[in-house]
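Worksheet: one structure, shown below.
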Amino acid sequence: MSASKKTVLACIVSFILAAGPAGAVEQPPKPSISGTWLGTIKVPGVELRIAFEISGTTENDYSAVVHSIDQGAMNLPVRAVTQTGDSLRLELKSIPAAYEGKISPDGTTIEGNWLQGGGAVPLTMSRVEKLPEFKRPQTPKKPYPYRDEEVAFENGTAGIRLAGTLTIPEGKGPFPAVVLLTGSGPQNRDEEVFSHRPFLVLADYLTRRGIAVLRSDDRGVGASTGDFSKATTGDFADDAIAGIDFLKTRPEVDPKRIGLVGHSEGGMIGPLAAGRSNDVAFLVMLAGPGQRFGDVVAFQILNAAKAQGAGEETLAVMRTWFGGLFSTLAEGTDNETASKKIRALHSGLSADEKKRLNLPDEKLEGEISTQLRPWWRYAMQYDPRATLMKVHCPVLALNGEKDTQVPAKANLHLVEEALRSGGNSHFAVRELPGLNHLFQTCESGAESEYIKIEETIAPAAMEIIAQWVRDTCGLK
């Protein structure tokens with residue numbers, strides 16, 4: 001996922017609904033707030049539907065849950081519901097954000113704003129009979145023609161327990177197997193986004209083709225333990241190896257034919273794990289980067305700015321700033337040294353340039369703190385070329401032609417170049433026409449399309465993966 005998109009998603013899931021007290025001494029009758037409410041929050045490039053369900057009959061016994069529907073983030077718990085006259089406050093647990101709104105006299109709408117970080121986004125909530133549903137026709141439904149088992153395994157070094165699902169083909173094993181590696185941000189075992197469950201769909205497809213599949217919740221997500229916020233891509237590579245170690249204990253799995261399939265950041269995790277462990281028999285990179293992380297992020301930021309109408313002068317300022325910033329972060333210096341260099345870069349900006357970047361002096365320290373997060377710094381220092389040169393197992397690298405997050409041509413070329421330079425002669429690199437970053441059949445490839453597309457993964461892409469794994473593992 002792009003940095004801009006992750007920020008949007010984190011903000012939306014984080015909001016608290018809030019309203020201030022009525023100013024009049026005599027309060028009007030309180031309209032009922034019990035029921036299901038739905039509204040749409042609009043941010044650049046995407047529209048996200050927010051819903052909340054309120055139950056109870058009086059102020060003292062109201063309870064509620066909030067849903068960010070287009071993210072698949074459902075049943076977010078609400079700490080408190082407060083109604084004062086026609087004003088409403090719903091407060092999510094441990095999240096510093098708010099919504100302020102006024103309930104209409106007939107109790108059918110709430111006019112208000114999401115509030116966070118000093119900004120306000122208009123949001124009108126309306127009563128609905130039920131929550132909307134997405135059409136996701138590829139999502140498989142039980143009973144499956146194979147075994148699916150809830151499992152858990154340990155990363156002993158990190159002291160965490162990872163929970164997931166193992167799917168095992170029908171018939172006599174032992175079978176080849178893959179560990180699925182999620183993209184950036186806290187992801188569940190299905191890599192769920194916008195009500196799509198791509199890893200569930202892919203696991204189903206591969207298992208039906210004779211390949212066992214292990215997919216797990218990221219550390220600190222779902223049923224897995226650990227602290228996601230303190231982990232780096234390198235830590236996730238160790239989790240991937242722990243998954244392989246677990247599969248080696250299963251009698252249904254051939255320990256000599258276990259590989260990794262990583263999407264997006266998973267395409268960084270996979271090569272790291274393959275370079276660390278000889279037990280990785282093969283590797284599939286789905287939209288994995290060949291470019292340095294800073295180059296990929298700068299591309300995403302500039303694309304988003306163009307989509308929002310930024311002029312060439314602003315884009316030029318952004319190129320210079322982010323080029324210098326990300327180069328600084330990629331250096332192997334300590335955080336104190338990096339902080340000094342970032343402050344020096346910022347001090348060299350004119351007042352107009354700071355305005356174009358929306359980075360006034362009072363925001364600088366917060367920006368530095370954000371840029372020095374452990375995961376972010378590790379990713380900035382990650383060198384795809386050096387890592388891929390250490391990968392000697394068979395590799396399949398795929399990108400969608402219309403990927404607007406990890407552009408296909410630039411990245412596939414560098415992946416191929418690195419593998420070849422490292423002496424790997426067993427690899428295949430393919431650009432898949434008409435597909436986006438999620439490997440959906442699309443029109444433009446823009447992130448705003450992800451929600452609207454009913455297809456979760458193009459069947460042609462899944463067949464390429466399945467057949468390559470089967471061929472690599474010697475299945476007829």
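Labeling convention for the structure tokens: chains A, B, ... as they appear, residues from 1 per chain, ligands from 1 in order of appearance.
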
Taking only residues of stretch 111-198 of chain A that have an atom at most 10 Å from an atom of stretch 436-453 of chain A, what is each one's shortest atom pair and its distance in Å to one decimal, using only C-alpha atoms, in chain and number order, as a Markdown table?
| residue | atom | partner | partner_atom | distance |
| --- | --- | --- | --- | --- |
| A:Phe134 | CA | A:Lys452 | CA | 8.9 |
| A:Lys135 | CA | A:Ile453 | CA | 8.9 |
| A:Arg136 | CA | A:Ile453 | CA | 8.7 |
| A:Val193 | CA | A:Ile451 | CA | 8.5 |
| A:Phe194 | CA | A:Ile451 | CA | 5.4 |
| A:Ser195 | CA | A:Ile451 | CA | 7.9 |
| A:His196 | CA | A:Ile451 | CA | 8.3 |
| A:Pro198 | CA | A:Leu438 | CA | 8.1 |

I need the residues from that last selection saved to file as a compact mmCIF listing (two decimals), in the first residue's frame (with all heavy atoms), if you can.
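Written file, result.txt:
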# COMPACT_ATOMS: atom_id res chain seq x y z
N PHE A 134 -20.85 -5.70 -0.07
CA PHE A 134 -20.06 -5.70 -1.29
C PHE A 134 -20.29 -6.99 -2.07
O PHE A 134 -20.52 -8.04 -1.47
CB PHE A 134 -18.57 -5.60 -0.97
CG PHE A 134 -18.11 -4.25 -0.55
CD1 PHE A 134 -17.85 -3.98 0.78
CD2 PHE A 134 -17.93 -3.24 -1.48
CE1 PHE A 134 -17.40 -2.73 1.18
CE2 PHE A 134 -17.49 -2.00 -1.10
CZ PHE A 134 -17.23 -1.73 0.23
N LYS A 135 -20.19 -6.88 -3.37
CA LYS A 135 -20.16 -8.08 -4.20
C LYS A 135 -18.70 -8.50 -4.35
O LYS A 135 -17.90 -7.77 -4.93
CB LYS A 135 -20.79 -7.82 -5.57
CG LYS A 135 -22.29 -7.65 -5.54
CD LYS A 135 -22.84 -7.49 -6.96
CE LYS A 135 -24.37 -7.34 -6.94
NZ LYS A 135 -24.90 -7.18 -8.32
N ARG A 136 -18.36 -9.63 -3.78
CA ARG A 136 -17.01 -10.18 -3.89
C ARG A 136 -17.16 -11.64 -4.31
O ARG A 136 -17.00 -12.56 -3.50
CB ARG A 136 -16.29 -10.05 -2.54
CG ARG A 136 -16.13 -8.60 -2.05
CD ARG A 136 -15.17 -7.83 -2.95
NE ARG A 136 -14.92 -6.47 -2.46
CZ ARG A 136 -15.31 -5.38 -3.09
NH1 ARG A 136 -16.01 -5.48 -4.23
NH2 ARG A 136 -15.01 -4.19 -2.61
N VAL A 193 -8.68 -6.04 2.64
CA VAL A 193 -8.75 -4.62 2.36
C VAL A 193 -9.95 -4.36 1.47
O VAL A 193 -10.22 -5.10 0.53
CB VAL A 193 -7.44 -4.12 1.68
CG1 VAL A 193 -7.20 -4.83 0.35
CG2 VAL A 193 -7.46 -2.61 1.49
N PHE A 194 -10.73 -3.32 1.80
CA PHE A 194 -11.92 -2.97 1.02
C PHE A 194 -12.87 -4.16 0.84
O PHE A 194 -13.46 -4.34 -0.22
CB PHE A 194 -11.53 -2.39 -0.34
CG PHE A 194 -10.66 -1.17 -0.26
CD1 PHE A 194 -9.54 -1.04 -1.05
CD2 PHE A 194 -10.96 -0.15 0.62
CE1 PHE A 194 -8.74 0.09 -0.97
CE2 PHE A 194 -10.16 0.97 0.70
CZ PHE A 194 -9.05 1.11 -0.10
N SER A 195 -12.98 -4.97 1.86
CA SER A 195 -13.82 -6.18 1.85
C SER A 195 -13.33 -7.25 0.88
O SER A 195 -13.99 -8.27 0.70
CB SER A 195 -15.28 -5.84 1.57
OG SER A 195 -15.83 -5.12 2.65
N HIS A 196 -12.20 -7.02 0.24
CA HIS A 196 -11.53 -8.08 -0.53
C HIS A 196 -10.69 -8.89 0.44
O HIS A 196 -10.12 -8.36 1.40
CB HIS A 196 -10.63 -7.48 -1.61
CG HIS A 196 -11.36 -6.92 -2.78
ND1 HIS A 196 -12.03 -7.70 -3.69
CD2 HIS A 196 -11.54 -5.64 -3.19
CE1 HIS A 196 -12.58 -6.94 -4.61
NE2 HIS A 196 -12.29 -5.68 -4.33
N PRO A 198 -7.84 -11.12 -0.49
CA PRO A 198 -7.01 -11.71 -1.55
C PRO A 198 -6.26 -12.97 -1.15
O PRO A 198 -6.11 -13.88 -1.96
CB PRO A 198 -6.06 -10.57 -1.94
CG PRO A 198 -6.15 -9.57 -0.86
CD PRO A 198 -7.50 -9.70 -0.26

Requested in this report: Compile the contact shell of stretch 288-304 of chain A as a PyMOL selection string: residues with an atom at most 6 Å away, counting only C-alpha atoms, same-chain residues fewer than 2 positions apart removed.
Outcome: chain A and resi 264+267+285-286+306-307+326+380+384+405+411+414-415

Give one line per residue of stretch 214-308 of chain A that approaches stretch 142-160 of chain A to at most 7 Å, naming the two atoms of the closest pair and their distance in Å to one decimal, counting only C-alpha atoms; sort by chain then ascending residue number and deliver it as JSON lines.
{"residue": "A:Thr225", "atom": "CA", "partner": "A:Ile160", "partner_atom": "CA", "distance": 5.5}
{"residue": "A:Gly226", "atom": "CA", "partner": "A:Ile160", "partner_atom": "CA", "distance": 5.4}
{"residue": "A:Asp239", "atom": "CA", "partner": "A:Asn155", "partner_atom": "CA", "distance": 6.1}
{"residue": "A:Ala242", "atom": "CA", "partner": "A:Asn155", "partner_atom": "CA", "distance": 5.4}
{"residue": "A:Phe246", "atom": "CA", "partner": "A:Phe153", "partner_atom": "CA", "distance": 6.2}

Go ahead and write the selection's residues with N, CA, C and O atoms as a PDB file, in the first residue's frame.
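Once everything was written out, this is again-v8.pdb:
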ATOM      1  N   THR A 225       0.249 -12.799  18.642  1.00  0.00           N
ATOM      2  CA  THR A 225       0.790 -11.948  19.697  1.00  0.00           C
ATOM      3  C   THR A 225       1.936 -11.108  19.143  1.00  0.00           C
ATOM      4  O   THR A 225       2.342 -11.248  17.994  1.00  0.00           O
ATOM      5  N   GLY A 226       2.473 -10.218  19.998  1.00  0.00           N
ATOM      6  CA  GLY A 226       3.562  -9.354  19.576  1.00  0.00           C
ATOM      7  C   GLY A 226       3.093  -7.931  19.383  1.00  0.00           C
ATOM      8  O   GLY A 226       1.902  -7.623  19.468  1.00  0.00           O
ATOM      9  N   ASP A 239       9.575 -13.951  10.926  1.00  0.00           N
ATOM     10  CA  ASP A 239       8.261 -14.588  11.071  1.00  0.00           C
ATOM     11  C   ASP A 239       8.008 -15.550   9.910  1.00  0.00           C
ATOM     12  O   ASP A 239       7.428 -16.629  10.097  1.00  0.00           O
ATOM     13  N   ALA A 242       9.859 -18.649  10.510  1.00  0.00           N
ATOM     14  CA  ALA A 242       9.162 -19.432  11.540  1.00  0.00           C
ATOM     15  C   ALA A 242       8.006 -20.213  10.924  1.00  0.00           C
ATOM     16  O   ALA A 242       7.727 -21.353  11.329  1.00  0.00           O
ATOM     17  N   PHE A 246       7.575 -24.275  10.898  1.00  0.00           N
ATOM     18  CA  PHE A 246       6.345 -24.958  11.302  1.00  0.00           C
ATOM     19  C   PHE A 246       5.901 -25.955  10.232  1.00  0.00           C
ATOM     20  O   PHE A 246       5.557 -27.106  10.545  1.00  0.00           O
TER      21      PHE A 246
END

**Report entry** Nearby residues (only C-alpha atoms) at most 12 Å from A:Lys340, same-chain spacing under 2 positions excluded, as number ranges by chain
**Finding:** A: 325, 328-329, 333-338, 342-347, 364-365, 368, 372

Selection export as a CSV table (one decimal), in the first residue's frame, atoms kept: N, CA and C atoms:
chain,number,residue,atom,x,y,z
A,325,LEU,N,15.2,14.2,1.9
A,325,LEU,CA,14.8,13.5,3.1
A,325,LEU,C,15.0,12.0,3.1
A,328,THR,N,18.6,11.0,3.3
A,328,THR,CA,19.1,11.1,4.6
A,328,THR,C,18.6,9.9,5.4
A,329,LEU,N,17.4,9.5,5.3
A,329,LEU,CA,16.9,8.3,6.1
A,329,LEU,C,17.5,7.0,5.6
A,333,THR,N,22.9,6.1,9.6
A,333,THR,CA,23.3,6.9,10.7
A,333,THR,C,22.3,6.7,11.9
A,334,ASP,N,22.6,7.1,13.1
A,334,ASP,CA,21.7,7.0,14.2
A,334,ASP,C,20.6,8.1,14.1
A,335,ASN,N,19.6,8.0,14.9
A,335,ASN,CA,18.4,8.9,14.7
A,335,ASN,C,18.8,10.3,15.1
A,336,GLU,N,19.7,10.5,16.0
A,336,GLU,CA,20.1,11.9,16.4
A,336,GLU,C,20.7,12.6,15.2
A,337,THR,N,21.6,11.9,14.5
A,337,THR,CA,22.3,12.5,13.4
A,337,THR,C,21.3,12.7,12.3
A,338,ALA,N,20.4,11.8,12.0
A,338,ALA,CA,19.4,11.9,11.0
A,338,ALA,C,18.5,13.1,11.3
A,342,ILE,N,17.8,16.4,8.9
A,342,ILE,CA,16.5,16.8,8.4
A,342,ILE,C,16.2,18.2,8.8
A,343,ARG,N,16.6,18.7,10.0
A,343,ARG,CA,16.4,20.0,10.4
A,343,ARG,C,17.1,21.0,9.5
A,344,ALA,N,18.3,20.6,9.1
A,344,ALA,CA,19.2,21.4,8.2
A,344,ALA,C,18.5,21.5,6.9
A,345,LEU,N,18.0,20.4,6.4
A,345,LEU,CA,17.2,20.5,5.1
A,345,LEU,C,16.0,21.4,5.2
A,346,HIS,N,15.3,21.3,6.3
A,346,HIS,CA,14.1,22.2,6.4
A,346,HIS,C,14.5,23.7,6.6
A,347,SER,N,15.6,23.9,7.3
A,347,SER,CA,16.0,25.3,7.4
A,347,SER,C,16.4,26.0,6.1
A,364,LEU,N,7.5,20.5,12.1
A,364,LEU,CA,8.7,19.8,11.8
A,364,LEU,C,9.0,18.7,12.8
A,365,GLU,N,8.9,19.0,14.1
A,365,GLU,CA,9.3,17.9,15.0
A,365,GLU,C,8.4,16.7,14.9
A,368,ILE,N,9.6,14.8,11.9
A,368,ILE,CA,10.8,14.1,12.2
A,368,ILE,C,10.5,12.8,12.9
A,372,LEU,N,11.3,8.9,11.6
A,372,LEU,CA,12.3,8.0,12.4
A,372,LEU,C,11.7,6.8,13.0

Query raised in the report: stretch 100-349 of chain A: which residues are strand (DSSP E or B) by DSSP, as a ChimeraX atom specification?
Result: /A:100-103,109-116,119-128,147-155,160-168,175-181,193,196,212-216,253-263,283-286

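Distances here use only C-alpha atoms; by that measure, the residue among A:Asp235, A:Glu47, A:Asp352, A:Glu100 closest to A:Ser68 is A:Glu47.
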